[in-house]
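> File name protein_11.txt; file contents compact mmCIF, C-alpha atoms; full text below.
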```txt
# COMPACT_ATOMS: atom_id res chain seq x y z
CA VAL X 29 14.81 -17.13 -13.37
CA GLY X 30 14.17 -14.64 -16.15
CA CYS X 31 10.40 -14.40 -15.56
CA THR X 32 8.49 -11.44 -14.23
CA GLY X 33 7.60 -11.78 -10.57
CA THR X 34 4.16 -11.63 -9.00
CA GLY X 35 2.52 -8.69 -7.29
CA GLY X 36 2.11 -5.10 -8.38
CA ASN X 37 -1.66 -5.20 -7.90
CA LEU X 38 -3.98 -2.44 -6.65
CA ARG X 39 -1.67 0.45 -7.52
CA LEU X 40 -2.61 3.60 -5.60
CA LEU X 41 -1.43 6.95 -6.93
CA PRO X 42 -2.19 10.43 -5.54
CA PHE X 43 -2.30 13.22 -8.10
CA ILE X 44 -2.72 16.93 -8.68
CA ASP X 45 -4.74 18.20 -11.67
CA THR X 46 -4.49 15.07 -13.84
CA THR X 47 -2.72 11.72 -13.79
CA SER X 48 -1.21 9.56 -16.52
CA GLY X 49 -0.84 6.66 -14.12
CA LEU X 50 2.80 7.51 -13.42
CA GLU X 51 4.50 10.07 -11.19
CA LYS X 52 8.21 10.75 -10.72
CA ILE X 53 9.65 10.67 -7.20
CA ASP X 54 12.20 12.93 -5.53
CA LYS X 55 14.78 10.28 -4.66
CA SER X 56 16.53 12.60 -2.18
CA THR X 57 13.44 12.53 0.08
CA GLU X 58 13.14 8.74 0.25
CA VAL X 59 13.06 7.06 3.67
CA ALA X 60 12.93 3.26 3.91
CA GLN X 61 12.77 1.44 7.25
CA ALA X 62 11.37 -1.86 8.44
CA GLY X 63 7.62 -1.23 8.57
CA TYR X 64 7.73 2.29 7.08
CA TYR X 65 8.35 3.98 3.73
CA SER X 66 8.01 7.59 2.61
CA VAL X 67 8.89 9.68 -0.41
CA LYS X 68 7.86 12.98 -1.96
CA LEU X 69 6.50 12.98 -5.49
CA MET X 70 7.55 15.63 -7.98
CA ASN X 71 3.97 16.93 -7.96
CA GLY X 72 4.49 17.99 -4.32
CA ILE X 73 2.56 15.18 -2.62
CA LYS X 74 4.25 13.34 0.26
CA VAL X 75 3.55 9.60 0.42
CA GLU X 76 3.89 7.54 3.62
CA ILE X 77 3.13 3.85 4.06
CA THR X 78 3.13 1.51 7.04
CA ALA X 79 1.49 -1.86 7.55
CA GLY X 80 0.22 -4.70 9.68
CA ARG X 81 0.54 -8.35 8.68
CA THR X 82 -2.37 -8.36 6.22
CA SER X 83 -3.24 -4.66 6.06
CA ALA X 84 -1.71 -1.31 5.27
CA ILE X 85 -2.31 2.36 5.92
CA TYR X 86 -1.27 5.17 3.60
CA ARG X 87 -0.93 8.84 4.48
CA PHE X 88 -0.87 11.29 1.59
CA THR X 89 -0.03 14.94 2.34
CA TYR X 90 -1.24 17.26 -0.43
CA PRO X 91 -0.38 20.82 -1.37
CA LYS X 92 -3.31 23.21 -1.86
CA SER X 93 -5.20 22.37 -5.03
CA LYS X 94 -8.72 22.58 -6.44
CA LYS X 95 -8.07 19.47 -8.53
CA ALA X 96 -6.48 16.86 -6.30
CA GLY X 97 -7.24 13.18 -6.21
CA LEU X 98 -6.32 9.56 -5.77
CA SER X 99 -6.40 6.81 -8.39
CA LEU X 100 -6.62 3.05 -7.92
CA ASP X 101 -5.54 0.84 -10.82
CA LEU X 102 -7.46 -2.42 -10.51
CA THR X 103 -5.74 -3.96 -13.55
CA SER X 104 -2.10 -3.39 -12.56
CA ALA X 105 0.14 -6.45 -12.20
CA LEU X 106 3.83 -7.26 -12.57
CA ALA X 107 2.94 -10.39 -14.51
CA LYS X 108 -0.36 -10.82 -16.39
CA PHE X 109 -3.64 -9.38 -15.17
CA LYS X 110 -6.45 -11.91 -15.55
CA GLY X 111 -9.55 -10.37 -14.00
CA GLU X 112 -11.19 -8.36 -11.24
CA LYS X 113 -14.55 -7.55 -9.72
CA HIS X 114 -15.33 -4.66 -7.42
CA GLU X 115 -18.17 -2.96 -5.61
CA PHE X 116 -18.39 0.48 -4.02
CA ILE X 117 -19.56 0.96 -0.44
CA GLY X 118 -20.74 4.55 -0.46
CA LYS X 119 -18.28 7.04 -1.95
CA ASN X 120 -15.23 6.35 0.18
CA ALA X 121 -14.89 2.57 0.27
CA ILE X 122 -14.47 -0.24 -2.24
CA HIS X 123 -14.05 -3.99 -2.00
CA GLY X 124 -13.57 -6.84 -4.43
CA TRP X 125 -11.00 -9.27 -5.81
CA VAL X 126 -8.20 -9.30 -8.39
CA GLN X 127 -6.54 -12.19 -10.19
CA SER X 128 -3.16 -12.38 -11.93
CA THR X 129 -0.72 -15.03 -13.11
CA ASN X 130 2.13 -16.37 -11.01
CA THR X 131 5.80 -16.20 -11.98
CA CYS X 132 6.45 -17.69 -15.43
CA ASP X 133 2.67 -18.15 -15.90
CA MET X 134 2.71 -21.09 -13.48
CA GLY X 135 -0.90 -20.88 -12.34
CA ARG X 136 -2.89 -17.97 -11.02
CA TYR X 137 -3.49 -16.27 -7.70
CA THR X 138 -6.55 -14.44 -6.41
CA PHE X 139 -6.78 -12.15 -3.43
CA TYR X 140 -9.50 -10.01 -1.91
CA TYR X 141 -9.35 -6.44 -0.65
CA HIS X 142 -11.23 -3.80 1.33
CA ILE X 143 -10.11 -0.19 0.86
CA LYS X 144 -11.40 2.90 2.63
CA ILE X 145 -10.39 6.57 2.33
CA ASP X 146 -11.24 9.32 4.82
CA LYS X 147 -12.39 11.83 2.20
CA ASP X 148 -16.20 11.78 2.32
CA GLU X 149 -16.73 14.65 -0.13
CA ALA X 150 -14.76 13.05 -2.97
CA GLU X 151 -16.34 12.57 -6.39
CA VAL X 152 -15.86 9.01 -7.62
CA THR X 153 -15.38 8.12 -11.29
CA GLU X 154 -14.23 5.05 -13.23
CA ASN X 155 -12.40 4.62 -16.51
CA ASN X 156 -10.84 1.55 -18.11
CA GLY X 157 -10.17 -0.39 -14.93
CA ARG X 158 -9.17 2.63 -12.84
CA VAL X 159 -11.08 4.28 -10.02
CA TYR X 160 -10.61 7.98 -9.29
CA TRP X 161 -11.47 9.90 -6.14
CA ASN X 162 -11.47 13.59 -7.12
CA PHE X 163 -11.45 16.35 -4.50
CA SER X 164 -9.95 19.69 -3.52
CA SER X 165 -7.17 19.82 -0.95
CA GLY X 166 -5.94 22.41 1.52
CA LYS X 167 -2.27 23.15 2.16
CA ASN X 168 -0.65 20.14 3.87
CA GLU X 169 -3.99 18.35 4.06
CA THR X 170 -3.65 14.64 4.75
CA VAL X 171 -5.75 11.85 3.27
CA ILE X 172 -5.66 8.46 4.98
CA VAL X 173 -6.25 5.23 3.07
CA LYS X 174 -6.73 1.93 4.93
CA VAL X 175 -6.32 -1.36 3.07
CA GLY X 176 -7.16 -4.89 4.19
CA LEU X 177 -6.13 -7.96 2.18
CA SER X 178 -7.03 -11.65 2.28
CA THR X 179 -6.61 -14.78 0.20
CA VAL X 180 -9.87 -16.09 1.68
CA SER X 181 -12.72 -13.61 1.12
CA GLN X 182 -13.79 -9.98 1.00
CA GLN X 183 -15.24 -10.35 4.48
CA GLN X 184 -11.89 -11.57 5.79
CA ALA X 185 -10.10 -8.67 4.10
CA LYS X 186 -12.35 -6.23 5.94
CA LEU X 187 -11.89 -8.13 9.19
CA ASN X 188 -8.08 -8.06 8.80
CA GLN X 189 -8.23 -4.30 8.31
CA THR X 190 -10.48 -3.88 11.35
CA ILE X 191 -8.34 -6.05 13.64
CA GLU X 192 -4.92 -4.72 12.60
CA ILE X 193 -5.78 -1.07 11.97
CA GLY X 194 -9.34 -0.24 12.97
CA GLU X 195 -9.44 3.29 14.40
CA LYS X 196 -5.70 3.49 15.05
CA THR X 197 -3.79 6.51 13.79
CA PHE X 198 -1.00 6.26 11.25
CA ALA X 199 1.55 6.88 14.00
CA GLN X 200 0.12 4.06 16.13
CA VAL X 201 0.21 1.56 13.27
CA ARG X 202 3.77 2.61 12.43
CA GLU X 203 4.87 2.14 16.04
CA ALA X 204 3.29 -1.33 16.14
CA ALA X 205 5.04 -2.26 12.89
CA THR X 206 8.37 -1.04 14.24
CA GLN X 207 7.95 -3.09 17.42
CA SER X 208 6.94 -6.21 15.48
CA TRP X 209 10.02 -6.00 13.27
CA GLU X 210 12.24 -5.30 16.27
CA GLU X 211 10.98 -8.48 17.93
CA ALA X 212 11.45 -10.54 14.78
CA LEU X 213 14.94 -9.27 13.97
CA SER X 214 16.19 -9.41 17.58
CA ALA X 215 15.60 -13.18 17.67
CA ILE X 216 19.21 -13.50 16.49
CA ARG X 217 21.96 -11.22 17.73
CA ILE X 218 25.41 -11.10 16.20
CA GLU X 219 28.52 -9.53 17.67
CA SER X 220 30.88 -7.85 15.26
CA PRO X 221 32.67 -4.49 14.98
CA ASP X 222 31.85 -4.54 11.25
CA SER X 223 28.70 -2.43 10.83
CA GLU X 224 28.41 -3.34 7.14
CA LEU X 225 28.40 -7.03 8.03
CA LYS X 226 25.60 -6.45 10.55
CA LYS X 227 23.63 -4.44 8.00
CA SER X 228 24.04 -7.20 5.43
CA PHE X 229 22.96 -9.92 7.88
CA TYR X 230 19.85 -8.16 9.17
CA THR X 231 18.83 -7.09 5.68
CA ARG X 232 18.82 -10.74 4.60
CA MET X 233 17.01 -11.75 7.76
CA TYR X 234 14.41 -9.05 7.04
CA HIS X 235 13.91 -10.48 3.55
CA ALA X 236 13.60 -14.01 4.93
CA CYS X 237 10.92 -12.91 7.41
CA GLN X 238 8.75 -11.55 4.59
CA THR X 239 7.99 -15.10 3.38
CA PRO X 240 6.43 -17.58 3.86
CA PHE X 241 3.18 -15.74 4.42
CA ASN X 242 0.50 -16.61 6.96
CA ILE X 243 -3.00 -16.55 5.41
```
Let me see whether you can do it: turn the structure in this file into structure tokens.


Amino acid sequence: VGCTGTGGNLRLLPFIDTTSGLEKIDKSTEVAQAGYYSVKLMNGIKVEITAGRTSAIYRFTYPKSKKAGLSLDLTSALAKFKGEKHEFIGKNAIHGWVQSTNTCDMGRYTFYYHIKIDKDEAEVTENNGRVYWNFSSGKNETVIVKVGLSTVSQQQAKLNQTIEIGEKTFAQVREAATQSWEEALSAIRIESPDSELKKSFYTRMYHACQTPFNI
């Protein structure tokens, strides 16, 4: 209690022109559902996220711009960042590991990742722990980013991404996530005319199902 929590690693941020590492969101556009999240940034980019158990897929919809891009902060962490190592696979993929401290500095955790974007013509640069994919974008052009994670190895992170996402579309992964959560949350059914009570119960059940985590 009182300590900063864990997480906050591998922060992805789409940008137009330049990025300071932060972008404001249009709160009125926010949609949050089990297995899906979307919001529009004030720079005009729409962000959508859905996930498998150990993987995620992002869909960024850009306005027309000659200076669009995507940044990946390898040093971001809610607690203390301790280290990272990465390697590029061509221009549109990267894998490696990151390490940060646990809550209240009680030990450290390390996890591995494999990230791939579907923008082959992007120019890749690095600066102070951040990776930038720079490219031009057409009106309403989408860029897909697939992420695999593992606490075991880089190879397992890639395998998790391949098994859970592979060549599936964003819509297919979202549908699978929706079905998985429906199965998990329907394990217990309550009968009550009070909709707020039901919402409160299933929200807490949703939180409970997020942990513990299967490696």

> Tell me, as a ChimeraX atom specification, which residues lie within 9 Å of segment 53-67 of chain X, counting only C-alpha atoms; anything in the same chain fewer than 5 positions away does not count.

/X:73-80,202-206,208-210,234

> Using all atoms listed in the file, which protein or nucleic acid residues come within 8 Å of Thr34 of chain X? Drop anything in the same chain fewer than 6 positions from it, and give the result as a CSV table (one decimal) with C-alpha atoms, keeping the file's coordinate frame.


```csv
chain,number,residue,atom,x,y,z
X,105,ALA,CA,0.1,-6.4,-12.2
X,106,LEU,CA,3.8,-7.3,-12.6
X,107,ALA,CA,2.9,-10.4,-14.5
X,128,SER,CA,-3.2,-12.4,-11.9
X,129,THR,CA,-0.7,-15.0,-13.1
X,130,ASN,CA,2.1,-16.4,-11.0
X,131,THR,CA,5.8,-16.2,-12.0
```

> Of the residues X:Leu100, X:Ile143, X:Cys31, X:Leu38, which is the one nearest to Val126 of chain X, using all atoms listed in the file?

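For Val126 of chain X, the nearest of the candidates is X:Leu38.
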
> As an exercise, work out the distance from atom CA of Ala84 of chain X to atom CA of Ala121 of chain X in Å and give it to one decimal place.

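Calculated distance between atom CA of Ala84 of chain X and atom CA of Ala121 of chain X is 14.6 Å.
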
> Considering all atoms listed in the file, state which residue in the set X:Lys68, X:His142, X:Arg81, X:Arg136 is at the smallest distance from Ser181 of chain X.

X:His142

> Rounded to one decimal in Å, what is the spacing between atom CA of Asp146 of chain X and atom CA of Tyr86 of chain X?

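Interatomic distance here is 10.9 Å.
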
> Point out the residue among X:Ser99, X:Glu169, X:Ala199, X:Phe139 with the least atom-to-atom distance to Gly111 of chain X, counting all atoms listed in the file.

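Of all the options, X:Phe139 lies closest to Gly111 of chain X.
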
> Using Å and a single decimal, report how far atom CA of Phe43 of chain X sits from atom CA of Phe116 of chain X.

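Atom CA of Phe116 of chain X sits 20.9 Å away from atom CA of Phe43 of chain X.
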
> Which polymer residues have any atom within 8 Å of an atom of segment 170-172 of chain X, counting all atoms listed in the file, with same-chain residues fewer than 6 positions away left out, as a PyMOL selection string?

chain X and resi 85-90+145-147

> Using all atoms listed in the file, which protein or nucleic acid residues come within 10 Å of segment 150-157 of chain X? Drop anything in the same chain fewer than 2 positions from it, and give the result as number ranges by chain.

X: 96-104, 112-113, 116, 118-120, 145-148, 159-164

> Could you check which of X:Tyr230, X:Thr47, X:Val201, X:Leu187 is closest to Ser214 of chain X, using all atoms listed in the file?

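For Ser214 of chain X, the nearest of the candidates is X:Tyr230.
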
> Pick from X:His114, X:Lys108, X:His123, X:Lys174: nearest to Tyr137 of chain X, with all atoms listed in the file counted?

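Nearest candidate to Tyr137 of chain X out of X:His114, X:Lys108, X:His123, X:Lys174: X:Lys108.
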
> Put the listed atoms of segment 74-88 of chain X in a box along x, y and z with 4 Å added on every side and give me the centre and edge lengths in Å to one decimal, as lines of an AutoDock Vina configuration file.


```
center_x = 0.5
center_y = 2.5
center_z = 5.0
size_x = 15.5
size_y = 29.7
size_z = 17.4
```

> Which residue, X:Val173, X:Cys132, X:Leu41, X:Ala185, has the smallest gap to Thr197 of chain X when you use only C-alpha atoms?

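Using only C-alpha atoms, Thr197 of chain X sits closest to X:Val173.
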
> Write segment 163-183 of chain X as a PDB file, in the frame of the given file, completed to N, CA and C atoms.


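Everything below was put into rebuild_23.pdb:
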```
ATOM      1  N   PHE X 163     -11.088  15.429  -5.579  1.00  0.00           N
ATOM      2  CA  PHE X 163     -11.450  16.350  -4.500  1.00  0.00           C
ATOM      3  C   PHE X 163     -10.523  17.552  -4.507  1.00  0.00           C
ATOM      4  N   SER X 164     -10.858  18.557  -3.730  1.00  0.00           N
ATOM      5  CA  SER X 164      -9.950  19.690  -3.520  1.00  0.00           C
ATOM      6  C   SER X 164      -9.182  19.439  -2.232  1.00  0.00           C
ATOM      7  N   SER X 165      -8.001  20.031  -2.139  1.00  0.00           N
ATOM      8  CA  SER X 165      -7.170  19.820  -0.950  1.00  0.00           C
ATOM      9  C   SER X 165      -6.639  21.148  -0.426  1.00  0.00           C
ATOM     10  N   GLY X 166      -6.547  21.237   0.895  1.00  0.00           N
ATOM     11  CA  GLY X 166      -5.940  22.410   1.520  1.00  0.00           C
ATOM     12  C   GLY X 166      -4.434  22.206   1.641  1.00  0.00           C
ATOM     13  N   LYS X 167      -3.715  23.251   1.998  1.00  0.00           N
ATOM     14  CA  LYS X 167      -2.270  23.150   2.160  1.00  0.00           C
ATOM     15  C   LYS X 167      -1.928  22.169   3.269  1.00  0.00           C
ATOM     16  N   ASN X 168      -1.083  21.190   2.940  1.00  0.00           N
ATOM     17  CA  ASN X 168      -0.650  20.140   3.870  1.00  0.00           C
ATOM     18  C   ASN X 168      -1.799  19.293   4.403  1.00  0.00           C
ATOM     19  N   GLU X 169      -2.873  19.208   3.661  1.00  0.00           N
ATOM     20  CA  GLU X 169      -3.990  18.350   4.060  1.00  0.00           C
ATOM     21  C   GLU X 169      -3.613  16.888   3.874  1.00  0.00           C
ATOM     22  N   THR X 170      -3.970  16.062   4.836  1.00  0.00           N
ATOM     23  CA  THR X 170      -3.650  14.640   4.750  1.00  0.00           C
ATOM     24  C   THR X 170      -4.905  13.833   4.402  1.00  0.00           C
ATOM     25  N   VAL X 171      -4.697  12.809   3.602  1.00  0.00           N
ATOM     26  CA  VAL X 171      -5.750  11.850   3.270  1.00  0.00           C
ATOM     27  C   VAL X 171      -5.236  10.471   3.681  1.00  0.00           C
ATOM     28  N   ILE X 172      -6.025   9.782   4.482  1.00  0.00           N
ATOM     29  CA  ILE X 172      -5.660   8.460   4.980  1.00  0.00           C
ATOM     30  C   ILE X 172      -6.402   7.384   4.191  1.00  0.00           C
ATOM     31  N   VAL X 173      -5.660   6.367   3.771  1.00  0.00           N
ATOM     32  CA  VAL X 173      -6.250   5.230   3.070  1.00  0.00           C
ATOM     33  C   VAL X 173      -5.902   3.957   3.840  1.00  0.00           C
ATOM     34  N   LYS X 174      -6.929   3.182   4.198  1.00  0.00           N
ATOM     35  CA  LYS X 174      -6.730   1.930   4.930  1.00  0.00           C
ATOM     36  C   LYS X 174      -7.077   0.760   4.019  1.00  0.00           C
ATOM     37  N   VAL X 175      -6.167  -0.226   3.973  1.00  0.00           N
ATOM     38  CA  VAL X 175      -6.320  -1.360   3.070  1.00  0.00           C
ATOM     39  C   VAL X 175      -6.242  -2.665   3.858  1.00  0.00           C
ATOM     40  N   GLY X 176      -7.205  -3.543   3.624  1.00  0.00           N
ATOM     41  CA  GLY X 176      -7.160  -4.890   4.190  1.00  0.00           C
ATOM     42  C   GLY X 176      -7.099  -5.901   3.064  1.00  0.00           C
ATOM     43  N   LEU X 177      -6.290  -6.940   3.215  1.00  0.00           N
ATOM     44  CA  LEU X 177      -6.130  -7.960   2.180  1.00  0.00           C
ATOM     45  C   LEU X 177      -6.401  -9.344   2.755  1.00  0.00           C
ATOM     46  N   SER X 178      -6.795 -10.263   1.875  1.00  0.00           N
ATOM     47  CA  SER X 178      -7.030 -11.650   2.280  1.00  0.00           C
ATOM     48  C   SER X 178      -6.981 -12.544   1.059  1.00  0.00           C
ATOM     49  N   THR X 179      -6.530 -13.777   1.250  1.00  0.00           N
ATOM     50  CA  THR X 179      -6.610 -14.780   0.200  1.00  0.00           C
ATOM     51  C   THR X 179      -7.860 -15.640   0.372  1.00  0.00           C
ATOM     52  N   VAL X 180      -8.693 -15.290   1.345  1.00  0.00           N
ATOM     53  CA  VAL X 180      -9.870 -16.090   1.680  1.00  0.00           C
ATOM     54  C   VAL X 180     -11.167 -15.492   1.135  1.00  0.00           C
ATOM     55  N   SER X 181     -11.455 -14.225   1.502  1.00  0.00           N
ATOM     56  CA  SER X 181     -12.720 -13.610   1.120  1.00  0.00           C
ATOM     57  C   SER X 181     -12.677 -12.104   1.340  1.00  0.00           C
ATOM     58  N   GLN X 182     -13.668 -11.401   0.777  1.00  0.00           N
ATOM     59  CA  GLN X 182     -13.790  -9.980   1.000  1.00  0.00           C
ATOM     60  C   GLN X 182     -14.088  -9.688   2.465  1.00  0.00           C
ATOM     61  N   GLN X 183     -14.900 -10.538   3.073  1.00  0.00           N
ATOM     62  CA  GLN X 183     -15.240 -10.350   4.480  1.00  0.00           C
ATOM     63  C   GLN X 183     -13.994 -10.460   5.361  1.00  0.00           C
TER      64      GLN X 183
END
```
